[in-house]
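**Student:** Following this line is start-v2.txt, made up of compact mmCIF, C-alpha atoms:
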```txt
# COMPACT_ATOMS: atom_id res chain seq x y z
CA MET A 1 106.96 168.00 37.26
CA GLU A 2 104.01 169.31 35.23
CA TRP A 3 102.71 165.76 34.70
CA LEU A 4 101.96 165.51 38.44
CA TYR A 5 99.29 168.19 38.08
CA VAL A 6 95.91 167.89 36.38
CA LEU A 7 93.70 170.77 35.31
CA MET A 8 90.20 170.60 36.77
CA PRO A 9 87.83 171.47 33.89
CA ILE A 10 85.14 173.20 35.96
CA ALA A 11 87.02 174.78 38.88
CA GLY A 12 89.85 175.87 36.55
CA VAL A 13 92.60 175.02 39.06
CA LYS A 14 95.57 172.69 38.66
CA ILE A 15 95.63 169.96 41.29
CA PHE A 16 98.42 167.65 42.44
CA TRP A 17 96.77 164.30 41.55
CA PRO A 18 98.94 161.95 43.70
CA GLY A 19 97.70 163.99 46.68
CA LEU A 20 94.11 163.18 45.68
CA ILE A 21 94.90 159.46 45.50
CA ILE A 22 96.63 159.47 48.92
CA LEU A 23 93.71 161.39 50.42
CA GLY A 24 91.31 158.88 48.80
CA ILE A 25 93.20 155.91 50.25
CA GLY A 26 93.26 157.45 53.76
CA VAL A 27 89.59 158.39 53.84
CA GLY A 28 88.61 155.10 52.17
CA ILE A 29 90.35 153.11 54.91
CA ILE A 30 88.81 155.17 57.71
CA GLY A 31 85.35 155.34 56.11
CA GLY A 32 85.22 151.59 55.44
CA PHE A 33 86.45 150.83 58.94
CA PHE A 34 84.30 153.23 60.97
CA GLY A 35 81.26 153.48 58.71
CA MET A 36 81.34 157.19 58.00
CA GLY A 37 81.67 159.51 55.05
CA GLY A 38 84.57 161.41 56.58
CA ALA A 39 83.77 164.92 55.37
CA TRP A 40 85.55 166.32 58.43
CA MET A 41 88.80 164.83 57.07
CA VAL A 42 88.41 165.27 53.31
CA THR A 43 87.17 168.84 53.09
CA PRO A 44 90.25 170.40 54.77
CA GLY A 45 92.47 167.98 52.80
CA LEU A 46 90.99 169.04 49.45
CA ASN A 47 91.22 172.67 50.49
CA ILE A 48 94.96 172.26 51.14
CA LEU A 49 95.40 170.59 47.76
CA GLY A 50 94.12 173.79 46.20
CA PHE A 51 90.36 173.40 45.85
CA PRO A 52 88.19 176.42 46.62
CA MET A 53 86.04 175.55 49.66
CA ALA A 54 82.78 175.35 47.69
CA PHE A 55 84.27 172.73 45.35
CA ALA A 56 85.96 170.87 48.21
CA ILE A 57 82.59 170.10 49.88
CA GLY A 58 80.81 169.06 46.65
CA THR A 59 83.70 166.92 45.39
CA ASP A 60 84.00 165.26 48.77
CA ILE A 61 80.31 164.33 48.83
CA ALA A 62 80.46 163.02 45.24
CA HIS A 63 83.39 160.70 45.94
CA MET A 64 81.77 159.69 49.26
CA ALA A 65 78.82 158.13 47.41
CA GLY A 66 81.09 155.92 45.27
CA LYS A 67 83.35 154.98 48.16
CA SER A 68 80.43 154.09 50.45
CA LEU A 69 78.97 151.90 47.70
CA ILE A 70 82.19 149.87 47.58
CA SER A 71 82.29 149.56 51.40
CA THR A 72 78.58 148.71 51.67
CA MET A 73 78.95 145.94 49.07
CA ARG A 74 81.79 144.40 51.03
CA HIS A 75 80.12 144.83 54.45
CA GLY A 76 76.93 143.37 52.94
CA LYS A 77 78.81 140.19 52.00
CA PHE A 78 80.18 139.96 55.55
CA GLY A 79 76.59 140.19 56.85
CA ASN A 80 77.23 143.57 58.48
CA VAL A 81 74.40 145.54 56.84
CA ASP A 82 70.87 145.53 58.28
CA TYR A 83 69.03 146.83 55.21
CA LYS A 84 65.65 146.92 57.00
CA LEU A 85 67.09 149.10 59.76
CA GLY A 86 68.90 151.25 57.18
CA LEU A 87 65.72 151.92 55.21
CA ILE A 88 63.67 152.70 58.34
CA MET A 89 66.36 155.10 59.53
CA LEU A 90 66.65 156.76 56.14
CA VAL A 91 63.19 158.33 56.54
CA GLY A 92 64.00 159.79 59.95
CA THR A 93 67.44 160.95 58.78
CA ILE A 94 66.09 162.87 55.77
CA VAL A 95 63.25 164.54 57.74
CA GLY A 96 65.57 165.33 60.67
CA PHE A 97 68.27 166.71 58.36
CA GLU A 98 65.82 169.03 56.60
CA VAL A 99 64.39 170.28 59.94
CA GLY A 100 67.95 170.90 61.22
CA ALA A 101 69.01 172.69 58.01
CA GLN A 102 65.89 174.91 58.06
CA MET A 103 66.44 175.65 61.73
CA ILE A 104 70.03 176.75 61.15
CA MET A 105 68.91 179.07 58.31
CA TRP A 106 66.31 180.58 60.65
CA LEU A 107 68.94 181.02 63.38
CA GLU A 108 71.32 182.62 60.87
CA ARG A 109 68.73 185.29 60.14
CA LEU A 110 68.61 186.06 63.87
CA GLY A 111 72.36 186.50 64.17
CA ASN A 112 75.77 184.86 63.89
CA VAL A 113 75.37 181.22 64.86
CA GLU A 114 78.71 179.88 63.66
CA ILE A 115 80.39 179.96 67.07
CA THR A 116 77.31 178.50 68.79
CA VAL A 117 77.27 175.63 66.29
CA ARG A 118 80.97 174.98 66.85
CA TYR A 119 80.42 174.88 70.62
CA LEU A 120 77.49 172.50 70.17
CA TYR A 121 79.64 170.29 67.94
CA LEU A 122 82.40 170.30 70.54
CA VAL A 123 80.02 169.36 73.37
CA LEU A 124 78.58 166.55 71.26
CA LEU A 125 81.99 165.16 70.29
CA THR A 126 83.20 165.36 73.91
CA PHE A 127 80.09 163.43 74.96
CA ILE A 128 80.69 160.78 72.25
CA ALA A 129 84.35 160.40 73.27
CA TRP A 130 83.37 160.14 76.95
CA MET A 131 80.71 157.54 76.05
CA VAL A 132 83.14 155.41 74.01
CA PHE A 133 85.93 155.40 76.59
CA THR A 134 83.54 154.86 79.55
CA ASP A 135 82.09 151.90 77.66
CA VAL A 136 85.57 150.48 76.98
CA LYS A 137 86.60 150.92 80.63
CA LYS A 138 83.44 149.23 81.92
CA LYS A 139 83.92 146.33 79.51
CA TYR A 140 87.50 145.81 80.71
CA ASP A 141 86.37 146.02 84.35
CA LYS A 142 83.79 143.30 83.64
CA GLU A 143 86.41 141.13 81.98
CA ARG A 144 88.84 141.62 84.87
CA GLN A 145 86.20 140.77 87.47
CA ALA A 146 85.18 137.68 85.51
CA LYS A 147 88.82 136.59 85.26
CA GLN A 148 89.31 137.04 89.01
CA ALA A 149 86.21 134.92 89.64
CA GLY A 150 87.61 132.31 87.25
CA GLN A 151 84.74 132.73 84.78
CA ASP A 152 84.57 133.53 81.07
CA VAL A 153 82.90 136.83 80.21
CA ASP A 154 80.09 136.62 77.64
CA LYS A 155 81.49 137.64 74.25
CA LEU A 156 78.30 139.64 73.57
CA ALA A 157 78.73 141.60 76.83
CA THR A 158 79.09 145.37 76.57
CA GLY A 159 80.28 148.08 78.93
CA LEU A 160 77.45 150.58 78.70
CA GLU A 161 74.05 148.93 78.44
CA TRP A 162 71.73 151.88 77.77
CA HIS A 163 70.27 150.06 74.76
CA LYS A 164 68.66 147.48 77.08
CA THR A 165 66.61 150.24 78.72
CA PHE A 166 65.61 151.72 75.33
CA GLN A 167 64.62 148.31 73.99
CA LYS A 168 62.21 147.89 76.94
CA ILE A 169 59.99 150.64 75.49
CA LYS A 170 57.16 148.67 73.92
CA ILE A 171 55.26 151.21 71.81
CA PRO A 172 53.69 149.36 68.82
CA PRO A 173 54.51 148.47 66.11
CA MET A 174 57.34 146.24 67.34
CA ILE A 175 59.95 145.16 64.79
CA HIS A 176 62.52 142.39 64.60
CA LEU A 177 65.81 143.43 63.03
CA HIS A 178 67.40 140.08 62.24
CA THR A 179 70.91 141.12 61.18
CA ALA A 180 71.29 143.51 64.11
CA GLN A 181 69.61 140.95 66.42
CA ILE A 182 67.33 143.61 67.90
CA TYR A 183 63.65 143.43 68.86
CA CYS A 184 62.34 146.91 69.60
CA SER A 185 59.65 149.47 68.91
CA ALA A 186 59.79 150.81 65.32
CA TRP A 187 59.70 154.29 66.87
CA LEU A 188 63.14 153.79 68.43
CA PRO A 189 65.18 153.73 65.16
CA ILE A 190 62.90 156.43 63.71
CA PHE A 191 63.49 158.67 66.74
CA VAL A 192 67.26 157.98 66.75
CA SER A 193 67.59 158.69 63.03
CA PHE A 194 65.50 161.86 63.31
CA LEU A 195 67.66 163.09 66.20
CA THR A 196 70.97 162.26 64.51
CA GLY A 197 69.71 163.69 61.20
CA TRP A 198 68.56 166.87 62.96
CA LEU A 199 71.96 167.26 64.66
CA ALA A 200 73.75 166.61 61.34
CA GLY A 201 71.56 169.26 59.68
CA ILE A 202 72.34 171.81 62.39
CA LEU A 203 76.06 171.04 62.37
CA GLY A 204 76.30 170.85 58.57
CA ILE A 205 77.90 167.40 58.54
CA GLY A 206 77.03 164.04 56.95
CA GLY A 207 76.14 162.48 60.28
CA GLY A 208 78.15 159.23 60.31
CA LEU A 209 80.17 160.50 63.25
CA ILE A 210 76.96 160.74 65.34
CA ARG A 211 74.91 157.93 63.80
CA MET A 212 77.49 155.17 64.27
CA PRO A 213 77.71 155.57 68.10
CA ALA A 214 73.92 156.13 68.29
CA LEU A 215 73.36 152.80 66.54
CA ILE A 216 75.62 151.09 69.07
CA TYR A 217 74.65 152.76 72.34
CA VAL A 218 70.98 153.63 71.84
CA LEU A 219 69.76 150.87 69.53
CA GLY A 220 72.19 148.18 70.68
CA CYS A 221 73.64 147.19 67.30
CA PRO A 222 76.81 145.08 67.32
CA THR A 223 79.74 147.33 66.28
CA HIS A 224 80.24 145.66 62.87
CA VAL A 225 76.53 145.95 61.99
CA ALA A 226 76.51 149.60 63.09
CA VAL A 227 79.44 150.27 60.74
CA GLY A 228 77.87 148.46 57.76
CA THR A 229 74.37 149.91 58.22
CA ASP A 230 75.72 153.42 58.65
CA LEU A 231 77.65 153.09 55.39
CA PHE A 232 74.45 152.05 53.62
CA GLU A 233 72.89 155.32 54.79
CA VAL A 234 75.97 157.34 53.86
CA MET A 235 75.83 155.84 50.34
CA ILE A 236 72.24 156.99 49.76
CA SER A 237 72.64 160.40 51.37
CA GLY A 238 75.95 160.81 49.47
CA LEU A 239 74.19 160.29 46.13
CA TYR A 240 71.52 162.81 47.09
CA GLY A 241 74.21 165.27 48.22
CA ALA A 242 76.20 164.71 45.01
CA ALA A 243 73.10 165.54 42.93
CA THR A 244 72.31 168.77 44.80
CA TYR A 245 75.91 170.01 44.92
CA THR A 246 76.54 169.14 41.26
CA PHE A 247 73.40 170.99 40.19
CA LYS A 248 74.71 174.04 42.05
CA GLY A 249 77.99 173.69 40.11
CA ARG A 250 80.14 172.73 43.08
CA THR A 251 81.39 169.28 42.10
CA GLU A 252 84.56 168.42 40.21
CA LEU A 253 83.96 164.93 38.84
CA VAL A 254 87.53 164.53 37.55
CA ALA A 255 88.87 164.97 41.10
CA ALA A 256 86.16 162.70 42.53
CA ILE A 257 87.15 159.93 40.06
CA ILE A 258 90.87 160.30 40.88
CA MET A 259 90.01 160.12 44.59
CA LEU A 260 87.84 157.07 43.93
CA VAL A 261 90.88 155.20 42.55
CA GLY A 262 92.51 155.56 45.98
CA ALA A 263 89.25 155.20 47.91
CA ALA A 264 88.41 151.90 46.17
CA ILE A 265 91.64 150.41 47.51
CA GLY A 266 91.27 152.14 50.89
CA ALA A 267 87.62 151.13 51.35
CA GLN A 268 88.49 147.48 50.72
CA ILE A 269 91.37 147.64 53.21
CA GLY A 270 89.21 149.35 55.86
CA THR A 271 86.29 146.98 55.39
CA VAL A 272 88.38 143.80 55.30
CA ALA A 273 90.23 145.01 58.44
CA THR A 274 86.91 144.77 60.36
CA LYS A 275 87.22 141.01 59.81
CA TYR A 276 90.33 140.88 61.95
CA ILE A 277 89.66 143.55 64.58
CA LYS A 278 87.18 142.96 67.41
CA GLY A 279 84.24 145.31 67.95
CA TYR A 280 85.90 147.01 70.89
CA GLY A 281 89.08 147.59 68.88
CA ILE A 282 86.93 149.52 66.38
CA ARG A 283 85.28 151.48 69.21
CA ILE A 284 88.65 152.53 70.71
CA ALA A 285 90.01 153.66 67.33
CA PHE A 286 86.74 155.54 66.71
CA GLY A 287 87.11 157.26 70.11
CA ILE A 288 90.62 158.41 69.13
CA ALA A 289 89.30 159.80 65.82
CA VAL A 290 86.59 161.72 67.73
CA VAL A 291 89.17 163.16 70.14
CA GLY A 292 91.30 164.31 67.16
CA CYS A 293 88.26 165.94 65.58
CA SER A 294 87.34 167.66 68.90
CA LEU A 295 90.87 169.06 69.30
CA SER A 296 90.76 170.55 65.82
CA ILE A 297 87.48 172.31 66.72
CA VAL A 298 89.01 173.61 69.97
CA LEU A 299 91.81 175.14 67.87
CA LYS A 300 89.29 176.74 65.51
CA LEU A 301 87.36 178.20 68.46
CA PHE A 302 90.62 179.50 69.94
CA ALA A 303 91.38 181.19 66.60
CA THR A 304 87.93 182.83 66.63
CA HIS A 305 88.52 184.34 70.07
CA PHE A 306 92.18 185.24 69.38
CA PRO A 307 92.38 186.23 65.68
CA VAL A 308 96.13 187.00 66.00
CA TYR A 309 96.78 183.24 66.22
CA LYS A 310 94.36 182.32 63.42
CA ILE A 311 96.98 181.19 60.87
CA ILE A 312 98.92 179.15 63.43
CA CYS A 313 95.74 177.54 64.81
CA ASP A 314 94.39 176.73 61.33
CA ASN A 315 97.69 175.11 60.34
CA ILE A 316 97.93 173.10 63.56
CA SER A 317 94.30 172.02 63.15
CA THR A 318 94.94 170.81 59.58
CA VAL A 319 98.14 168.99 60.55
CA LEU A 320 96.29 167.42 63.50
CA ILE A 321 93.45 166.12 61.34
CA LEU A 322 95.82 164.80 58.67
CA GLY A 323 97.99 163.28 61.42
CA VAL A 324 95.03 161.47 63.02
CA VAL A 325 93.83 160.24 59.62
CA SER A 326 97.31 159.04 58.64
CA SER A 327 98.01 157.33 61.99
CA LEU A 328 94.67 155.53 62.05
CA SER A 329 95.01 154.53 58.39
CA VAL A 330 98.44 153.03 59.06
CA TYR A 331 97.14 151.20 62.15
CA ILE A 332 94.17 149.75 60.23
CA PHE A 333 96.36 148.85 57.24
CA VAL A 334 98.94 147.07 59.41
CA ARG A 335 96.21 145.12 61.27
CA MET A 336 94.60 144.14 57.98
CA ILE A 337 97.92 142.85 56.59
CA GLN A 338 98.62 140.92 59.81
CA GLY A 339 95.14 139.37 59.78
CA ALA A 340 95.31 138.48 56.09
CA LYS A 341 98.74 136.88 56.56
CA GLN A 342 97.40 134.72 59.39
CA GLU A 343 94.34 133.75 57.37
CA ILE A 344 96.39 132.76 54.33
CA ALA A 345 98.88 130.86 56.51
CA SER A 346 96.10 128.91 58.27
CA LYS A 347 94.52 128.07 54.90
CA LYS A 348 97.83 126.70 53.66
CA LYS A 349 98.16 124.60 56.83
CA THR A 350 94.76 122.98 56.36
CA LEU A 351 95.53 122.12 52.73
CA MET B 352 109.74 146.07 70.35
CA LEU B 353 110.66 145.36 66.73
CA LYS B 354 106.96 145.54 65.84
CA CYS B 355 106.72 148.89 67.57
CA ILE B 356 109.69 150.30 65.66
CA ARG B 357 108.27 149.02 62.35
CA THR B 358 104.91 150.62 63.07
CA VAL B 359 106.58 153.96 63.89
CA GLN B 360 108.61 153.72 60.65
CA TRP B 361 105.45 153.07 58.62
CA LEU B 362 103.70 155.91 60.37
CA SER B 363 106.51 158.37 59.67
CA LEU B 364 106.63 157.36 56.02
CA PHE B 365 102.89 157.75 55.59
CA LEU B 366 102.80 161.09 57.40
CA LEU B 367 105.67 162.37 55.26
CA ALA B 368 103.99 161.24 52.07
CA THR B 369 100.66 162.80 53.05
CA PHE B 370 102.00 166.12 54.24
CA ASN B 371 104.50 166.53 51.41
CA SER B 372 101.86 165.86 48.81
CA ALA B 373 99.53 168.30 50.51
CA TRP B 374 102.05 171.09 50.75
CA ALA B 375 103.54 170.47 47.32
CA ALA B 376 100.12 171.21 45.92
CA GLY B 377 99.89 174.77 47.10
CA GLY B 378 96.64 176.71 47.29
CA GLY B 379 94.04 177.40 44.65
CA GLY B 380 92.71 180.78 43.82
CA ALA B 381 89.72 180.22 41.60
CA ALA B 382 86.26 181.71 42.10
CA ALA B 383 84.01 180.05 44.69
CA ILE B 384 81.30 179.10 42.20
CA VAL B 385 81.86 178.78 38.46
CA ILE B 386 78.83 179.66 36.32
CA VAL B 387 80.56 179.09 32.99
CA ALA B 388 83.63 176.85 32.81
CA ASP B 389 86.65 178.23 30.93
CA THR B 390 87.15 175.83 28.00
CA ARG B 391 89.96 177.74 26.24
CA TYR B 392 92.78 175.53 27.56
CA LEU B 393 90.92 172.23 27.50
CA SER B 394 90.90 169.44 24.94
CA GLY B 395 89.46 165.93 24.45
CA MET B 396 87.39 164.50 27.31
CA GLN B 397 87.97 167.50 29.54
CA LEU B 398 86.65 169.85 26.86
CA ALA B 399 83.58 167.65 26.31
CA TRP B 400 82.93 167.53 30.05
CA ALA B 401 83.29 171.30 30.57
CA SER B 402 81.12 171.96 27.51
CA LEU B 403 78.39 169.72 28.88
CA TYR B 404 78.55 171.73 32.12
CA ASN B 405 78.18 174.99 30.21
CA GLU B 406 75.29 173.69 28.11
CA SER B 407 73.13 172.10 30.80
CA HIS B 408 73.63 171.77 34.54
CA ALA B 409 70.76 169.26 34.65
CA TYR B 410 72.37 166.80 32.17
CA PHE B 411 75.72 167.35 33.86
CA THR B 412 74.17 166.46 37.24
CA LEU B 413 72.37 163.42 35.86
CA LEU B 414 75.55 162.07 34.28
CA THR B 415 77.57 162.71 37.46
CA VAL B 416 75.03 160.87 39.63
CA ILE B 417 75.08 157.91 37.20
CA LEU B 418 78.85 157.88 36.70
CA ILE B 419 79.85 157.97 40.38
CA PRO B 420 78.22 154.68 41.47
CA VAL B 421 79.17 153.00 38.17
CA ILE B 422 82.84 153.98 38.56
CA GLY B 423 82.72 153.05 42.26
CA LEU B 424 81.32 149.66 41.29
CA ILE B 425 84.02 149.07 38.66
CA PHE B 426 86.85 150.03 41.03
CA GLY B 427 85.25 147.96 43.81
CA VAL B 428 85.02 144.86 41.62
CA LEU B 429 88.62 145.34 40.44
CA ALA B 430 89.84 145.61 44.06
CA ASP B 431 87.78 142.47 44.85
CA ILE B 432 89.54 140.53 42.10
CA VAL B 433 92.96 141.60 43.41
CA MET B 434 92.09 140.67 47.02
CA LYS B 435 90.65 137.30 46.03
CA HIS B 436 93.80 136.67 44.01
CA ILE B 437 95.87 137.34 47.15
CA GLY B 438 93.79 134.68 48.94
CA ILE B 439 91.60 136.70 51.35
CA ASP B 440 88.14 135.29 52.09
CA LEU B 441 85.79 138.12 51.13
CA SER B 442 82.50 136.37 51.79
CA SER B 443 82.42 135.69 55.52
CA ARG B 444 83.45 137.07 58.88
CA GLU B 445 84.00 134.74 61.83
CA LEU B 446 84.11 137.28 64.67
CA SER B 447 80.73 137.73 66.33
CA GLU B 448 80.83 140.02 69.32
CA HIS B 449 79.79 143.50 70.20
```
Mind turning this structure into structure tokens?
**Tutor:**
Amino acid sequence: MEWLYVLMPIAGVKIFWPGLIILGIGVGIIGGFFGMGGAWMVTPGLNILGFPMAFAIGTDIAHMAGKSLISTMRHGKFGNVDYKLGLIMLVGTIVGFEVGAQMIMWLERLGNVEITVRYLYLVLLTFIAWMVFTDVKKKYDKERQAKQAGQDVDKLATGLEWHKTFQKIKIPPMIHLHTAQIYCSAWLPIFVSFLTGWLAGILGIGGGLIRMPALIYVLGCPTHVAVGTDLFEVMISGLYGAATYTFKGRTELVAAIIMLVGAAIGAQIGTVATKYIKGYGIRIAFGIAVVGCSLSIVLKLFATHFPVYKIICDNISTVLILGVVSSLSVYIFVRMIQGAKQEIASKKKTL
Amino acid sequence: MLKCIRTVQWLSLFLLATFNSAWAAGGGGAAAIVIVADTRYLSGMQLAWASLYNESHAYFTLLTVILIPVIGLIFGVLADIVMKHIGIDLSSRELSEH
């Protein structure tokens, strides 16, 4: 079975390459579908496959740039990317990320901040999950009430409508974001991107997990545009991350290329699936992913307080993350196949 | 019901494949950061790649940053060709709701 393993030239470890392809497919599907890099899924996955942690992070970021490029291209053709919004947000994201990263280094000098950061992450994810499911519930309530009154609910209606309040802030200059269909103060996306970038810098994550819901609930982007625009940002920040990590000798390009083989397929599946799944379907699936991520952090916090259970908690956490990734990937894949079948069948009918 | 069973079957298969591949791999034990890559057991492209790393981190970085989007683009275009061949419309999306 030696042929199933490939020697990584820099890290010097032998890696089970089919595992890299499967991981690439899974994260490609989820990344293309939700508009995120997915470091929270890939890094533990690569670590299990045998990568030292330092290489796992760098290799993940390197493959993320390539995968996001594929997804952004596809979302761009579907009209899901607001490039103007993406470029405006990029400035705030970079500045916010640097401020957050510097702040965490300063806090580290004061004492151990790891547990505090994990608690902050947990609070944030719980808030995001609450926000998503409250939004979904409110939307269904609206639909039910409209049905009872014998009316059709507006297809652009949303559950939570915080974005309407934020869009009322008229601090010049005002901008029109055509793809996202938003007219707001330019300071709103700058502030949102700075805040999400700052949080990402503090938490040491890429930020897609925070930016995607912020684009929906604070700015008021349609779900599909939030996904596409977020991927555009992930692509640029991924390239920057790949450069810095590679320069520090923490990237294994061979592994990133093998993962890209799977991610290219996965990213297309995930992106094309957004054609067939409504915005709220994406939001519900995203909420489930956030809950899975939160539970894994709860387990890690439990292990910190009760070191006796560390190995068990770490294993359960890894299985949980891989389980969530696998389940969601299968769901998205099945929905994509069903949608494609219907589309092909309807095309044949019209011919 | 049949749909449900099929989905569960798919799910089980995928989970099995993912977990088995992950556990079959085992754990690595190399150093956290490699300053000089060990080229003694390498040959061909791998040797060239590791040698480039040893000679200059800057060139190595530059090439990595160029190669990643190029390879992503090639794989993306290939996947596009396959999907178009299947008959999926890859240029428009009809759904328009939040």
**Student:** Rank nothing, just name the residue among A:Val308, A:Ile182, A:Met235, A:Leu23 nearest to Val416 in chain B, using all atoms listed in the file.
**Tutor:** A:Met235
**Student:** One number please: CA of Val330 in chain A to CA of Gly438 in chain B, in Å, one decimal.
**Tutor:**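 Rounded to one decimal, the two atoms are 21.5 Å apart.
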**Student:** With all atoms listed in the file as the atoms that count, which of A:Thr251, A:Thr271, A:Gln338, A:Thr165 lies nearest to Gly220 in chain A?
**Tutor:** A:Thr165
**Student:** Between B:Leu418, B:Ala401, B:Ile432, B:Met396, which has the minimum distance to chain A (counting all atoms listed in the file)?
**Tutor:**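 Among B:Leu418, B:Ala401, B:Ile432, B:Met396, it is B:Ala401 that comes nearest to chain A.
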**Student:** What is the CA of Met41 in chain A-CA of Leu90 in chain A distance in Å, reported with one decimal?
**Tutor:**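 According to the coordinates, CA of Met41 in chain A and CA of Leu90 in chain A are separated by 23.6 Å.
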**Student:** Just checking: using only C-alpha atoms, which residue out of A:Leu124, A:Ile205, A:Met89, A:Val272 ends up closest to chain B?
**Tutor:**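 Counting only C-alpha atoms, the residue closest to chain B is A:Val272.
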**Student:** Work out how far CA of Ile321 in chain A is from CA of Val13 in chain A, in Å to one decimal.
**Tutor:**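 Separating CA of Val13 in chain A from CA of Ile321 in chain A is a distance of 24.0 Å.
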**Student:** Show me the residues around (67.6, 146.9, 56.6) - criterion: an atom at most 12 Å away, only C-alpha atoms counted - as a PyMOL selection string.
**Tutor:** chain A and resi 76+79-90+175-182+189+225-226+228-233
**Student:** Kindly indicate which residue among B:Val428, B:Ile439, B:Ile417, B:Ile422 lies nearest to Tyr240 in chain A, using only C-alpha atoms for the distances.
**Tutor:**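 Closest to Tyr240 in chain A, using only C-alpha atoms: B:Ile417.
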**Student:** I'd like to know which of A:Thr350, A:Thr116, A:Thr318, A:Ser296 is closest to chain B, using all atoms listed in the file.
**Tutor:**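 Counting all atoms listed in the file, the residue closest to chain B is A:Thr318.
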**Student:** I'd like the neighbourhood of Thr412 in chain B as a list in words, where a residue qualifies if any of its atoms comes within 10 Å (using all atoms listed in the file), though same-chain residues fewer than 3 positions away should be ignored.
**Tutor:**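 Residues meeting the cut-off are Ala242, Ala243, Thr244, Tyr245, Thr246, Phe247, Lys248, Gly249 and Thr251 of chain A; Leu403, Tyr404, Ser407, His408, Ala409, Thr415, Val416, Ile417 and Leu418 of chain B.
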**Student:** As AutoDock Vina command-line options, please: the centre and edge lengths in Å, to one decimal, of an axis-aligned box enclosing every listed atom of range 112-129 of chain A with 8 Å added on each side.
**Tutor:**
```
--center_x 79.9 --center_y 172.6 --center_z 69.3 --size_x 25.0 --size_y 40.5 --size_z 27.3
```
**Student:** Which residues are close to range 97-102 of chain A, i.e. within 6 Å by only C-alpha atoms, leaving aside same-chain residues fewer than 2 positions away? Reply as a list of chain:residue names.
**Tutor:**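 Result of the neighbour search: A:Thr93, A:Ile94, A:Val95, A:Ile104, A:Met105, A:Gly197, A:Trp198, A:Gly201, A:Ile202.
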**Student:** Skip Lys300 in chain A itself and residues of its chain fewer than 3 positions away, then list as a ChimeraX atom specification all residues within 8 Å of it, counting all atoms listed in the file.
**Tutor:** /A:296-297,303-304,310,313-314,317
**Student:** Can you tell me which residues surround Met8 in chain A at a distance of at most 8 Å, considering only C-alpha atoms, apart from same-chain residues fewer than 5 positions away, and format the answer as a PyMOL selection string?
**Tutor:** chain A and resi 13-15+252+254-255
**Student:** Go ahead and save the residues from that selection, with C-alpha atoms, as a PDB file, keeping the file's coordinate frame.
**Tutor:**
```
ATOM      1  CA  VAL A  13      92.600 175.020  39.060  1.00  0.00           C
ATOM      2  CA  LYS A  14      95.570 172.690  38.660  1.00  0.00           C
ATOM      3  CA  ILE A  15      95.630 169.960  41.290  1.00  0.00           C
ATOM      4  CA  GLU A 252      84.560 168.420  40.210  1.00  0.00           C
ATOM      5  CA  VAL A 254      87.530 164.530  37.550  1.00  0.00           C
ATOM      6  CA  ALA A 255      88.870 164.970  41.100  1.00  0.00           C
TER       7      ALA A 255
END
```
